[in-house]
Amino acid sequence: MRSASSALALLGISAILSLAGCGPNVHSASVRGTGYVRLDEVVKHHPLYAQLSQLDDAIAAIDLRYAGPQVPLGAKQMAAQTAELNRELRAAQIRANKVLAQKQHDYEVRENQAVQSALAAAGVHGEGALAAAQMSNQSAQQAQQAAQAANSDYMAYQQNVVAQDNAASSSVARQLQAQAEQKYRAKAEQLQQGETDLSLRLTQQDATQRLAIKMRLSNLAMDPAARKQAESQLADINAKEAGEVAAQRNADAETLRAYRAQLDKETGASIRSQVGSIQSQTTAKLSEHRNEVTAQLRGIGPAAPPPNLSPNVQAQIAKIHRQFVGQFQADAKKTIQEYNETKSDLDQQFAALHGADVGATGAAGKELVSLRKRRGDLYAQIVGQVQRDAAHIAQDRGFSIVFVNIDAAAGGYDLTNQVIKDVESQHE
Amino acid sequence: MKYRSALFAAAAILLGIALAPGAIAADLTDVGYVDQADLANLPVFVNANGALAADKARLDAQFNGMVKRARSDAQRQQLAMQFQQQYTDRQREIVGPLFQRAQLAIAAVAATRNLSIVVDKRIVIYGGQDVTKDVEAVFSSSQAIVPPSATPPPSPIGFVDQTALDGIPKVQSANNAMQQFETTQRQIFSAKMAQARSDSDKRQILSDYNKTVTDKQNQLLKPLVDQTRSATADVARKKSLILVVDRADVIYGGTDITTDVQNALGK
């Protein structure tokens, strides 16, 4: 009996506590075990949010810095920056070619070792092995020499074509800017002539009236009131003419400003288009030449195997050669791709130098990529923690499901404030 | 004795309250979710995406070559649309059949588990039924997938198509105005930023820019966002829904209330 009453007492107390405690009835008809969290709101209360905002600001600042057309540079600055870009491009070419030559050498050494092992495994010793090794060495040396020659030729060609590209682009930009300047001067002169004509026309138009007033004023016997009136009439005529000419001048200045903006826009578009066309021709030329060189190098196959080797061993050596050539080509592709990415970035900087709006490039472009990655990682870290906290709360309170980023709620339970408290309390 | 009776009475009252009709309802257990990122890592999707990326690179190169020769903005725009169409066609051709099969697999699994809605994993942080592995198994099987004969049961989770709501004239016009405003302000503040001498100048310019844009957003977009949210909640209440999510997060089932919200906003 005593235990029954204790149980009832416990039931009563727990029920009272649960009602007073309390929070929502998680299983009510309007909630049905469903919660939701406004993630954006919680993220704003996370202790790392300040860092996230700093990263956002840094990204926005770079974006903003490169959003509009850049301040035009003088001829000297342009030449200096073009020279710097060319130096960077040459350095990238030399670097890529060195890496390619080194890789080629490494693959040849490994191929040679693989051939030696295959011969040893096939039981080819003595003169046969020596001949095969010599064949492999000779083939490797020939291929290396050919590759070095081809690389050196290709590099010279690259520099030549890129220099032509830059010279042509600079020349095009200069010509288009000069044409625009000429058009602007012509327009300015035309408007100035219009203002002179207007001034002359107004003077002629008012000449009779002005002469009459002046004649009246030359009469010494004129009474002061009449003289004052005549002078005032003359001043009115002068003011009217000056006003009309000034209005015309202001309108012309506005026309000139609009014309300058239009010319800048058109010139920028023409430069972009023509420089783009020159650059695509350069890329096509380089790509064509590279394909030719690659085809030539591919043609340098292994030397004819010595006749005393069995067909099986010969086939095995040929297979090893194909395998290493394939691996080298795949590896070289990465280096070429890296070079192309550098070239593309330098091309963009070159285009930006000539007035094109290409966004952040060079060091700023790299910084932007790095900042975006850091931002993404930090955001994922914050969201991960928020989700873990929300899941704990949901479990403790007996929810069956919790959503984030909902559009609207007509029921369910908003757990946002609890999660915010939890997130904040963990870092106090 | 009196004490015991009082306790008994209190317990009975509380039990009564707890069990009163309407105060309790079955929890939502028929919600499934799929990890779409995991699904996209299946080799067949990886290969298809690789092929599509190669096609895109080829089309981009062709487009860049042609757009340089275009004489006017109209021509450039036409070219852009033409290439976008070509890309969409290729996408439909390469990835379309895979998406269809994935949809069928999700529908089949949902029907088997009697789910009323399947959503993307990103929006569920606790509970729900993870059906990703089941879907992958059905998708990867060599057999044809038979579509379920019955439609999914009605769901207390609704969804709205945000793209359709963005198409409402007043929303569209506000979005366009905002976009135009932002473009102009970016140009203006970019020029200021280019001439800034110190870090403190740059910070000030950025802060001014952010304030200018935020103020305009509050003026142009916030009233519409609030209005849309309120209209969505009203429709949800009328339809006895619990929550409303974005259509982009719903993979299968759910209750579509887009038209009702459009009507409530007066189109």
# chains A, B, ... in the order shown; residues from 1 in each chain; ligands from 1

$ select_by_dssp --residues "range 148-265 of chain B" --states "strand (DSSP E or B)" --output "ChimeraX atom specification"
/B:157-160,243-246,250-253,255-256

$ write_last_selection --atoms "N, CA and C atoms" --output "mmCIF file, in the first residue's frame"
data_model
loop_
_atom_site.group_PDB
_atom_site.id
_atom_site.type_symbol
_atom_site.label_atom_id
_atom_site.label_comp_id
_atom_site.auth_asym_id
_atom_site.auth_seq_id
_atom_site.Cartn_x
_atom_site.Cartn_y
_atom_site.Cartn_z
ATOM 1 N N ILE B 157 3.817 18.007 -44.841
ATOM 2 C CA ILE B 157 4.917 18.908 -45.215
ATOM 3 C C ILE B 157 4.598 19.455 -46.612
ATOM 4 N N GLY B 158 4.515 20.783 -46.712
ATOM 5 C CA GLY B 158 4.213 21.395 -48.006
ATOM 6 C C GLY B 158 5.469 21.941 -48.646
ATOM 7 N N PHE B 159 5.335 22.322 -49.924
ATOM 8 C CA PHE B 159 6.478 22.986 -50.574
ATOM 9 C C PHE B 159 5.990 24.053 -51.535
ATOM 10 N N VAL B 160 6.863 25.053 -51.748
ATOM 11 C CA VAL B 160 6.575 26.095 -52.746
ATOM 12 C C VAL B 160 7.741 26.161 -53.720
ATOM 13 N N LEU B 243 4.834 22.330 -41.820
ATOM 14 C CA LEU B 243 5.925 23.178 -42.304
ATOM 15 C C LEU B 243 5.874 23.263 -43.824
ATOM 16 N N VAL B 244 6.512 24.303 -44.349
ATOM 17 C CA VAL B 244 6.631 24.439 -45.805
ATOM 18 C C VAL B 244 8.110 24.604 -46.137
ATOM 19 N N VAL B 245 8.585 23.829 -47.107
ATOM 20 C CA VAL B 245 10.002 23.929 -47.502
ATOM 21 C C VAL B 245 10.065 24.337 -48.978
ATOM 22 N N ASP B 246 11.294 24.562 -49.449
ATOM 23 C CA ASP B 246 11.462 24.944 -50.848
ATOM 24 C C ASP B 246 11.355 23.704 -51.746
ATOM 25 N N VAL B 250 12.761 19.181 -52.142
ATOM 26 C CA VAL B 250 11.847 18.030 -52.118
ATOM 27 C C VAL B 250 12.146 17.133 -53.321
ATOM 28 N N ILE B 251 12.346 15.854 -53.044
ATOM 29 C CA ILE B 251 12.681 14.937 -54.132
ATOM 30 C C ILE B 251 11.457 14.127 -54.552
ATOM 31 N N TYR B 252 10.597 13.847 -53.612
ATOM 32 C CA TYR B 252 9.427 13.015 -53.919
ATOM 33 C C TYR B 252 8.304 13.348 -52.933
ATOM 34 N N GLY B 253 7.063 13.349 -53.426
ATOM 35 C CA GLY B 253 5.891 13.545 -52.569
ATOM 36 C C GLY B 253 5.766 14.978 -52.062
ATOM 37 N N THR B 255 3.251 18.226 -50.339
ATOM 38 C CA THR B 255 2.045 18.915 -50.805
ATOM 39 C C THR B 255 2.435 20.232 -51.455
ATOM 40 N N ASP B 256 2.132 20.347 -52.748
ATOM 41 C CA ASP B 256 2.527 21.547 -53.500
ATOM 42 C C ASP B 256 1.505 22.666 -53.262
#

$ select_by_dssp --residues "range 40-128 of chain B" --states "helix (DSSP H, G or I)" --output "PyMOL selection string"
chain B and resi 40+43-67+73-94+96-113+121-123

$ closest_residue --among "B:Leu79, B:Ala144, B:Ala191, B:Val135" --to "Ala105 in chain B" --atoms "only C-alpha atoms"
B:Val135

$ residues_around --residues "Phe139 in chain B" --least-positions-apart "4" --cutoff "12 Å" --atoms "only C-alpha atoms" --output "list in words"
Leu39, Ala40, Leu42, Pro43, Val44, Phe45, Pro97, Leu98, Phe99, Gln100, Arg101, Ala102, Gln103, Leu104, Ala105, Ile106, Ala107, Ala108, Val109, Thr132, Lys133, Asp134, Val135, Gln143, Ala144, Ile145 and Val146 of chain B

$ write_last_selection --atoms "C-alpha atoms" --output "compact mmCIF listing (two decimals), in the first residue's frame"
# COMPACT_ATOMS: atom_id res chain seq x y z
CA LEU B 39 24.07 9.45 -55.02
CA ALA B 40 26.06 11.71 -57.34
CA LEU B 42 27.95 6.57 -58.01
CA PRO B 43 30.36 5.74 -60.89
CA VAL B 44 27.60 6.03 -63.49
CA PHE B 45 26.87 9.64 -62.41
CA PRO B 97 17.95 9.08 -68.34
CA LEU B 98 19.99 8.68 -65.14
CA PHE B 99 17.86 11.24 -63.32
CA GLN B 100 14.71 9.47 -64.49
CA ARG B 101 15.98 6.16 -63.15
CA ALA B 102 16.99 7.78 -59.85
CA GLN B 103 13.51 9.31 -59.55
CA LEU B 104 11.91 5.91 -60.16
CA ALA B 105 14.20 4.30 -57.58
CA ILE B 106 13.28 6.95 -55.00
CA ALA B 107 9.55 6.53 -55.74
CA ALA B 108 9.83 2.74 -55.44
CA VAL B 109 11.65 2.93 -52.09
CA THR B 132 19.98 6.69 -49.53
CA LYS B 133 21.42 3.18 -49.48
CA ASP B 134 18.08 1.60 -50.43
CA VAL B 135 17.73 4.00 -53.35
CA GLN B 143 16.44 -4.74 -63.54
CA ALA B 144 13.92 -2.24 -64.86
CA ILE B 145 12.29 -0.24 -62.06
CA VAL B 146 8.52 -0.43 -61.97

$ closest_residue --among "A:Glu292, A:Glu195, A:Asp57, A:Asp377" --to "chain B" --atoms "only C-alpha atoms"
A:Asp57

$ residues_around --residues "Glu338 in chain A" --least-positions-apart "2" --cutoff "12 Å" --atoms "only C-alpha atoms" --output "PDB file with C-alpha atoms, in the first residue's frame"
ATOM      1  CA  ALA A  92      56.468  30.195 -66.440  1.00  0.00           C
ATOM      2  CA  GLN A  93      57.609  28.857 -69.841  1.00  0.00           C
ATOM      3  CA  ARG A  95      59.733  26.447 -65.454  1.00  0.00           C
ATOM      4  CA  ALA A  96      57.268  24.279 -67.410  1.00  0.00           C
ATOM      5  CA  ASN A  97      59.923  23.217 -69.919  1.00  0.00           C
ATOM      6  CA  VAL A  99      59.812  20.244 -65.358  1.00  0.00           C
ATOM      7  CA  LEU A 100      58.919  18.491 -68.626  1.00  0.00           C
ATOM      8  CA  ASP A 331      52.096  13.313 -66.370  1.00  0.00           C
ATOM      9  CA  ALA A 332      53.256  15.953 -68.874  1.00  0.00           C
ATOM     10  CA  LYS A 333      49.634  16.920 -69.492  1.00  0.00           C
ATOM     11  CA  LYS A 334      49.368  18.124 -65.877  1.00  0.00           C
ATOM     12  CA  THR A 335      52.458  20.337 -66.254  1.00  0.00           C
ATOM     13  CA  ILE A 336      51.143  21.757 -69.523  1.00  0.00           C
ATOM     14  CA  ASN A 340      48.194  27.089 -69.471  1.00  0.00           C
ATOM     15  CA  GLU A 341      46.435  28.199 -66.278  1.00  0.00           C
ATOM     16  CA  THR A 342      49.306  30.589 -65.501  1.00  0.00           C
ATOM     17  CA  LYS A 343      49.279  31.882 -69.078  1.00  0.00           C
ATOM     18  CA  SER A 344      45.531  32.358 -68.992  1.00  0.00           C
ATOM     19  CA  ASP A 345      45.809  34.383 -65.763  1.00  0.00           C
TER      20      ASP A 345
END

$ residues_around --residues "range 86-90 of chain B" --least-positions-apart "3" --cutoff "12 Å" --atoms "only C-alpha atoms" --output "PDB file with C-alpha atoms, in the first residue's frame"
ATOM      1  CA  ALA B  48      28.120  11.086 -67.040  1.00  0.00           C
ATOM      2  CA  ASN B  49      29.205  14.311 -65.354  1.00  0.00           C
ATOM      3  CA  ALA B  51      31.315  13.478 -70.272  1.00  0.00           C
ATOM      4  CA  LEU B  52      29.094  16.508 -69.762  1.00  0.00           C
ATOM      5  CA  ALA B  53      32.025  18.595 -68.480  1.00  0.00           C
ATOM      6  CA  ALA B  54      34.059  17.645 -71.575  1.00  0.00           C
ATOM      7  CA  ASP B  55      31.160  18.680 -73.806  1.00  0.00           C
ATOM      8  CA  LYS B  56      30.823  21.942 -71.911  1.00  0.00           C
ATOM      9  CA  ALA B  57      34.521  22.715 -72.379  1.00  0.00           C
ATOM     10  CA  ARG B  58      34.171  22.045 -76.120  1.00  0.00           C
ATOM     11  CA  LEU B  59      31.057  24.229 -76.390  1.00  0.00           C
ATOM     12  CA  ASP B  60      32.713  27.001 -74.341  1.00  0.00           C
ATOM     13  CA  GLN B  62      33.393  27.217 -79.731  1.00  0.00           C
ATOM     14  CA  PHE B  63      31.332  29.949 -78.093  1.00  0.00           C
ATOM     15  CA  LEU B  79      24.927  33.214 -79.507  1.00  0.00           C
ATOM     16  CA  ALA B  80      24.850  32.825 -75.733  1.00  0.00           C
ATOM     17  CA  MET B  81      21.272  31.540 -75.898  1.00  0.00           C
ATOM     18  CA  GLN B  82      22.096  29.194 -78.761  1.00  0.00           C
ATOM     19  CA  PHE B  83      25.019  27.652 -76.870  1.00  0.00           C
ATOM     20  CA  GLU B  93      20.709  13.513 -73.391  1.00  0.00           C
ATOM     21  CA  ILE B  94      23.536  12.430 -71.064  1.00  0.00           C
ATOM     22  CA  VAL B  95      22.194  12.894 -67.541  1.00  0.00           C
ATOM     23  CA  GLY B  96      18.421  12.875 -68.209  1.00  0.00           C
ATOM     24  CA  PRO B  97      17.949   9.081 -68.341  1.00  0.00           C
TER      25      PRO B  97
END

$ residues_around --residues "Glu424 in chain A" --least-positions-apart "5" --cutoff "12 Å" --atoms "only C-alpha atoms" --output "PDB file with C-alpha atoms, in the first residue's frame"
ATOM      1  CA  VAL A  42      21.961  30.541 -35.184  1.00  0.00           C
ATOM      2  CA  VAL A  43      25.087  30.994 -37.303  1.00  0.00           C
ATOM      3  CA  LYS A  44      24.998  34.725 -36.462  1.00  0.00           C
ATOM      4  CA  HIS A  45      25.271  33.858 -32.743  1.00  0.00           C
ATOM      5  CA  HIS A  46      28.114  31.408 -33.144  1.00  0.00           C
ATOM      6  CA  PRO A  47      31.395  32.513 -31.527  1.00  0.00           C
ATOM      7  CA  LEU A  48      33.194  32.038 -34.839  1.00  0.00           C
ATOM      8  CA  TYR A  49      30.740  34.291 -36.686  1.00  0.00           C
ATOM      9  CA  GLN A 385      28.502  22.213 -34.684  1.00  0.00           C
ATOM     10  CA  VAL A 386      25.076  23.863 -34.848  1.00  0.00           C
ATOM     11  CA  ASP A 389      23.820  20.799 -30.853  1.00  0.00           C
ATOM     12  CA  ASN A 417      16.413  30.081 -29.509  1.00  0.00           C
ATOM     13  CA  GLN A 418      17.315  26.929 -27.585  1.00  0.00           C
ATOM     14  CA  VAL A 419      20.046  26.111 -30.076  1.00  0.00           C
TER      15      VAL A 419
END

$ residues_around --residues "Tyr259 in chain A" --least-positions-apart "6" --cutoff "12 Å" --atoms "only C-alpha atoms" --output "number ranges by chain"
A: 180-181, 183-188, 191, 252-253, 265-267

$ write_last_selection --atoms "C-alpha atoms" --output "CSV table (one decimal), in the first residue's frame"
chain,number,residue,atom,x,y,z
A,180,ALA,CA,38.9,57.6,-79.8
A,181,GLU,CA,40.9,60.6,-78.7
A,183,LYS,CA,36.9,61.5,-82.4
A,184,TYR,CA,36.6,63.2,-79.0
A,185,ARG,CA,38.7,66.2,-80.1
A,186,ALA,CA,36.7,66.5,-83.4
A,187,LYS,CA,33.5,66.5,-81.4
A,188,ALA,CA,34.8,69.1,-78.9
A,191,LEU,CA,30.7,72.0,-80.3
A,252,ASP,CA,27.9,71.0,-74.8
A,253,ALA,CA,29.9,70.0,-71.7
A,265,LYS,CA,32.8,52.0,-73.6
A,266,GLU,CA,33.1,51.4,-77.3
A,267,THR,CA,36.9,51.6,-77.2

$ atom_distance --atom1 "CA of Lys239 in chain B" --atom2 "CA of Asp40 in chain A"
27.2 Å

$ closest_residue --among "B:Ser190, B:Thr183, B:Thr259, B:Ser200" --to "chain A" --atoms "only C-alpha atoms"
B:Ser190

$ atom_distance --atom1 "CA of Ala91 in chain A" --atom2 "CA of Tyr107 in chain A"
24.3 Å

$ atom_distance --atom1 "CA of Ile94 in chain A" --atom2 "CA of Ser277 in chain A"
25.6 Å

$ closest_residue --among "A:Phe403, A:Tyr413, A:Phe328, A:Tyr339" --to "chain B" --atoms "only C-alpha atoms"
A:Phe403

$ closest_residue --among "A:Ala409, A:Thr34, A:Ala83, A:Arg397" --to "Ala231 in chain B" --atoms "only C-alpha atoms"
A:Ala409

$ closest_residue --among "B:Leu265, B:Ile242, B:Val31, B:Ala236" --to "Tyr126 in chain B" --atoms "only C-alpha atoms"
B:Val31
